[in-house]
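Below is one structure, written out as structure tokens, with a few remarks after it.
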Amino acid sequence: MPRHPPAATGAAVALVAVLVGAAAIARAFPAPFAVPLTPRNLTPRDPAAASAANAAALMHLDRRADYTALANTYAPLVKYHPDETFFCSSVEYMFPYYSMIYSNGSAVSGAPSSFSDTNLDFLYQEGVDAGNVYLSVPGQPTAEPTLSSDYSYLYSTEAIGVSAPIYAFVSPKANGVVDIYYWVFAPYNLGKDVVIFGYVGDHVGDWERIMVRTVNGVAVSIDYLAHSSGLGLGTLSVSDSRISWSGTHPVAYTALGSHGMWPQSGSNVYDTIALVYNLVDETGDGAEWSTWDNLYLINYQQAGGYTGAQAWLNYDGYFGNPGDTSCWFYSVVSDCAFGGGPSHPNRDMTGTTTNVLATVNSDTSHSSYTFYLSADAQTWAHANGITYVAVHQHCGSWESIANQDKWGFVALASGTGATAYTVSTASCDSSIFSRYVDTYAVGLCTSDSSDACTTTSGTRSIIQYSGSGVVQTRYVVVNDLDLWSWSY
């Protein structure tokens, strides 16, 4: 398959033109297509606020066709491992088998006798937090060596028959960015065989995803993610030679039994437990799933904003049984042979990519950062005596004692709207320990000194590209389109 996305067709070019104004439109109206600030500024669990969000959504129905076209254009071609038996399904496929319980095993009072798209969120509608609620099947089904015949329904084949949907959450952001989170659901997750412990982490229900970032209607990066937050390869440029394409559709290899998403076939280490045992996702060229044939489009909102056939997305509990915690090695790996089911898919999608993409600066004396302070940050800065905006560049190395920090400053701009800044820092110093630009953060300061920074954000990890390959250099160029905002 080709190693880069093909040139845009006439239809795709037209779509780009339609989407160029997305950021301006988003700024004109509230959620769900609004420029996000931070989770602390988002709509709380308030029915009135949710109703307002729904009203705003109606104002954007004319854009649904645009976002459907965009999501279809970049929906992944999912490839299963040749030995896969636990295929993906729709969420509805599992409704007949689920009951609703608390973590202690007691039944949730008032739960429907059978679940549907429109009643799964009944706890939310009653104002009850579902954070300790599980959609459960009887017992604790483990798959070693095989599941018992009582659990044959966990071997879904919906995706092979192309009746399973892929859940595409569309999240428009600032600066022409539209992020599309493609989630897949499977009835069962097969754990990993770990020396000494045996199989670890079987669980009912599984949610996995990739995220495609588009800017003005064109894909620029893909986040390949696996299992828990922060695992997987993270953000890759669409030019990355590891990504294969089927037309405009990136290929996503889903791991044998556990469904983590990867750009290539092979053995993919995603974590290490007890310091020495690698957890590996095996991927391969098996059955193919053209996900664009059944795209379930979702205009991303906070829980409480969904209605009708999408009301099930307001359910914010777990999609599987509570996990066992009684095994002798639980204190070591925080898991047993039978683990807990995954949380709901409607997680925070207002944030950034896993990594910020950078290129190698042709001027080796410095790094250059272009980024955006949110209106929230600008307003706070002017109200609190801030006069400078800083960039804190962290230089990593293969020996931590050689790590290094570089700072750059620019005067705070006037105005309280979202504002672009360009700040330079000195390059990381040359070292026998191979220093490279690792992360960066933003500070708000009362003078051009790091000691005068009243508040500093969290860091964003940087991945550097030269052509289609990842490199590590001491001097980068960053153009970060995500708004910076944090707890000041």
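Chain identifiers are assigned as A, B, and so on, following the order in which chains appear in the structure tokens; residues are numbered from 1 within each chain, and ligands are numbered from 1 in order of appearance.
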
* To do: Might you pull out every residue within 10 Å of region 193-202 of chain A, with only C-alpha atoms counted and same-chain residues fewer than 6 positions away left off, and present them as a ChimeraX atom specification?
  => /A:140-145,257-258,273,277-280,323-324,327-330,333-341

* Asked: Hey, what's within 7 Å of region 208-224 of chain A if we count only C-alpha atoms and toss same-chain stuff fewer than 4 positions away? As a PyMOL selection string, please?
  -> chain A and resi 15-16+19-20+70+176-185+232-238+259-262+353-354

* Determine the nearest neighbour of Ala303 (chain A) from the options A:Tyr188, A:Tyr440, A:Tyr315, A:Tyr465, counting only C-alpha atoms. => A:Tyr315

* Restricting the calculation to only C-alpha atoms, which member of A:Gly139, A:Gly320, A:Gly385, A:Gly308 is positioned closest to His203 (chain A)? ->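 Once distances to His203 (chain A) are computed over only C-alpha atoms, the minimum belongs to A:Gly320.
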
* To do: Would you work out the distance separating CA of Ala411 (chain A) from CA of Ala441 (chain A), expressed in Å to one decimal?
  =>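 About the pair CA of Ala411 (chain A) and CA of Ala441 (chain A): they are 16.5 Å apart.
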
* If you count only C-alpha atoms, which residues fall within 10 Å of region 93-110 of chain A, apart from same-chain ones fewer than 6 positions away, as a VMD selection string? -> chain A and resid 116 to 117 120 122 to 123 130 to 138 151 153 to 154 156 158 164 186 to 187 205 317 to 323 340

From a DSSP pass on the backbone, collect the residues of region 64-144 of chain A flagged as helix (DSSP H, G or I) and hand them back as a PDB file with N, CA and C atoms, in the first residue's frame.
```pdb
ATOM      1  N   ARG A  64     -23.389  19.041   9.579  1.00  0.00           N
ATOM      2  CA  ARG A  64     -23.248  17.603   9.785  1.00  0.00           C
ATOM      3  C   ARG A  64     -22.738  16.912   8.524  1.00  0.00           C
ATOM      4  N   ALA A  65     -23.244  17.331   7.363  1.00  0.00           N
ATOM      5  CA  ALA A  65     -22.791  16.713   6.119  1.00  0.00           C
ATOM      6  C   ALA A  65     -21.302  16.941   5.903  1.00  0.00           C
ATOM      7  N   ASP A  66     -20.819  18.154   6.271  1.00  0.00           N
ATOM      8  CA  ASP A  66     -19.392  18.442   6.124  1.00  0.00           C
ATOM      9  C   ASP A  66     -18.554  17.514   6.997  1.00  0.00           C
ATOM     10  N   TYR A  67     -18.959  17.371   8.254  1.00  0.00           N
ATOM     11  CA  TYR A  67     -18.193  16.540   9.174  1.00  0.00           C
ATOM     12  C   TYR A  67     -18.325  15.056   8.836  1.00  0.00           C
ATOM     13  N   THR A  68     -19.481  14.662   8.322  1.00  0.00           N
ATOM     14  CA  THR A  68     -19.634  13.268   7.884  1.00  0.00           C
ATOM     15  C   THR A  68     -18.664  12.979   6.748  1.00  0.00           C
ATOM     16  N   ALA A  69     -18.580  13.887   5.790  1.00  0.00           N
ATOM     17  CA  ALA A  69     -17.656  13.698   4.667  1.00  0.00           C
ATOM     18  C   ALA A  69     -16.216  13.630   5.149  1.00  0.00           C
ATOM     19  N   LEU A  70     -15.863  14.523   6.088  1.00  0.00           N
ATOM     20  CA  LEU A  70     -14.497  14.537   6.608  1.00  0.00           C
ATOM     21  C   LEU A  70     -14.181  13.239   7.349  1.00  0.00           C
ATOM     22  N   ALA A  71     -15.116  12.810   8.209  1.00  0.00           N
ATOM     23  CA  ALA A  71     -14.893  11.580   8.970  1.00  0.00           C
ATOM     24  C   ALA A  71     -14.837  10.365   8.059  1.00  0.00           C
ATOM     25  N   ASN A  72     -15.640  10.342   7.021  1.00  0.00           N
ATOM     26  CA  ASN A  72     -15.578   9.233   6.067  1.00  0.00           C
ATOM     27  C   ASN A  72     -14.264   9.209   5.306  1.00  0.00           C
ATOM     28  N   THR A  73     -13.769  10.395   4.978  1.00  0.00           N
ATOM     29  CA  THR A  73     -12.533  10.473   4.192  1.00  0.00           C
ATOM     30  C   THR A  73     -11.367   9.807   4.903  1.00  0.00           C
ATOM     31  N   TYR A  74     -11.274   9.992   6.226  1.00  0.00           N
ATOM     32  CA  TYR A  74     -10.107   9.507   6.964  1.00  0.00           C
ATOM     33  C   TYR A  74     -10.411   8.347   7.903  1.00  0.00           C
ATOM     34  N   GLU A  92     -24.711  -1.957  20.929  1.00  0.00           N
ATOM     35  CA  GLU A  92     -26.036  -2.562  21.065  1.00  0.00           C
ATOM     36  C   GLU A  92     -25.986  -4.081  21.059  1.00  0.00           C
ATOM     37  N   TYR A  93     -24.992  -4.644  20.403  1.00  0.00           N
ATOM     38  CA  TYR A  93     -24.841  -6.105  20.368  1.00  0.00           C
ATOM     39  C   TYR A  93     -24.801  -6.690  21.777  1.00  0.00           C
ATOM     40  N   MET A  94     -24.212  -5.959  22.731  1.00  0.00           N
ATOM     41  CA  MET A  94     -24.053  -6.483  24.087  1.00  0.00           C
ATOM     42  C   MET A  94     -25.224  -6.160  25.011  1.00  0.00           C
ATOM     43  N   PHE A  95     -26.124  -5.298  24.596  1.00  0.00           N
ATOM     44  CA  PHE A  95     -27.214  -4.911  25.490  1.00  0.00           C
ATOM     45  C   PHE A  95     -28.001  -6.104  26.048  1.00  0.00           C
ATOM     46  N   PRO A  96     -28.326  -7.135  25.262  1.00  0.00           N
ATOM     47  CA  PRO A  96     -29.108  -8.246  25.817  1.00  0.00           C
ATOM     48  C   PRO A  96     -28.376  -9.043  26.894  1.00  0.00           C
ATOM     49  N   TYR A  97     -27.066  -8.922  26.946  1.00  0.00           N
ATOM     50  CA  TYR A  97     -26.272  -9.747  27.868  1.00  0.00           C
ATOM     51  C   TYR A  97     -25.859  -8.991  29.135  1.00  0.00           C
ATOM     52  N   PHE A 122     -30.123   6.123  32.161  1.00  0.00           N
ATOM     53  CA  PHE A 122     -31.181   6.468  33.094  1.00  0.00           C
ATOM     54  C   PHE A 122     -30.623   7.042  34.400  1.00  0.00           C
ATOM     55  N   LEU A 123     -29.451   6.592  34.832  1.00  0.00           N
ATOM     56  CA  LEU A 123     -28.864   7.138  36.049  1.00  0.00           C
ATOM     57  C   LEU A 123     -28.532   8.611  35.878  1.00  0.00           C
ATOM     58  N   TYR A 124     -27.991   8.972  34.725  1.00  0.00           N
ATOM     59  CA  TYR A 124     -27.689  10.378  34.472  1.00  0.00           C
ATOM     60  C   TYR A 124     -28.969  11.210  34.519  1.00  0.00           C
ATOM     61  N   GLN A 125     -30.018  10.680  33.884  1.00  0.00           N
ATOM     62  CA  GLN A 125     -31.274  11.426  33.863  1.00  0.00           C
ATOM     63  C   GLN A 125     -31.838  11.622  35.271  1.00  0.00           C
TER      64      GLN A 125
END
```

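A straight line drawn from CA of Glu399 (chain A) to CA of Val276 (chain A) is 20.0 Å long.
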
* **Sel. of strand (DSSP E) residues, region 212-360 of chain A, as a ChimeraX atom specification** => /A:212-215,218-224,234-237,245-246,249-254,261-262,266-273,277-283,288-290,295-299,356-360

* Hey, which of A:Thr473, A:Thr157, A:Thr455, A:Thr425 ends up closest to Tyr369 (chain A)? Count only C-alpha atoms. -> A:Thr425

* Could you check how far CA of Tyr306 (chain A) sits from CA of Pro342 (chain A), in Å to one decimal? =>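 CA of Tyr306 (chain A) sits 20.4 Å away from CA of Pro342 (chain A).
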
* Shortest interatomic distance to Thr422 (chain A) - which of A:Ser171, A:Gln378, A:Asn479, A:Ser450, counting only C-alpha atoms ->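 For Thr422 (chain A), the nearest of the candidates is A:Asn479.
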
* What lies within 7 Å of Ala252 (chain A) using only C-alpha atoms, ignoring chain neighbours under 5 positions off, as a VMD selection string? -> chain A and resid 76 to 79 261 to 263

Generate the output file for the selected residues, N, CA and C atoms, as an mmCIF file, in the first residue's frame.
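Resulting contents of selection_18.cif:
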```
data_model
loop_
_atom_site.group_PDB
_atom_site.id
_atom_site.type_symbol
_atom_site.label_atom_id
_atom_site.label_comp_id
_atom_site.auth_asym_id
_atom_site.auth_seq_id
_atom_site.Cartn_x
_atom_site.Cartn_y
_atom_site.Cartn_z
ATOM 1 N N PRO A 76 -10.397 4.770 9.307
ATOM 2 C CA PRO A 76 -9.296 3.822 9.075
ATOM 3 C C PRO A 76 -9.752 2.514 8.428
ATOM 4 N N LEU A 77 -8.815 1.914 7.720
ATOM 5 C CA LEU A 77 -8.945 0.514 7.330
ATOM 6 C C LEU A 77 -8.345 -0.300 8.475
ATOM 7 N N VAL A 78 -9.189 -1.004 9.220
ATOM 8 C CA VAL A 78 -8.726 -1.780 10.367
ATOM 9 C C VAL A 78 -8.354 -3.180 9.904
ATOM 10 N N LYS A 79 -7.167 -3.610 10.309
ATOM 11 C CA LYS A 79 -6.707 -4.962 9.984
ATOM 12 C C LYS A 79 -6.573 -5.786 11.260
ATOM 13 N N MET A 261 -4.326 -0.113 18.870
ATOM 14 C CA MET A 261 -4.165 0.329 17.483
ATOM 15 C C MET A 261 -2.707 0.673 17.165
ATOM 16 N N TRP A 262 -2.208 0.135 16.051
ATOM 17 C CA TRP A 262 -0.819 0.330 15.640
ATOM 18 C C TRP A 262 -0.741 0.549 14.134
ATOM 19 N N PRO A 263 0.304 1.226 13.651
ATOM 20 C CA PRO A 263 0.412 1.479 12.214
ATOM 21 C C PRO A 263 1.001 0.321 11.414
#
```
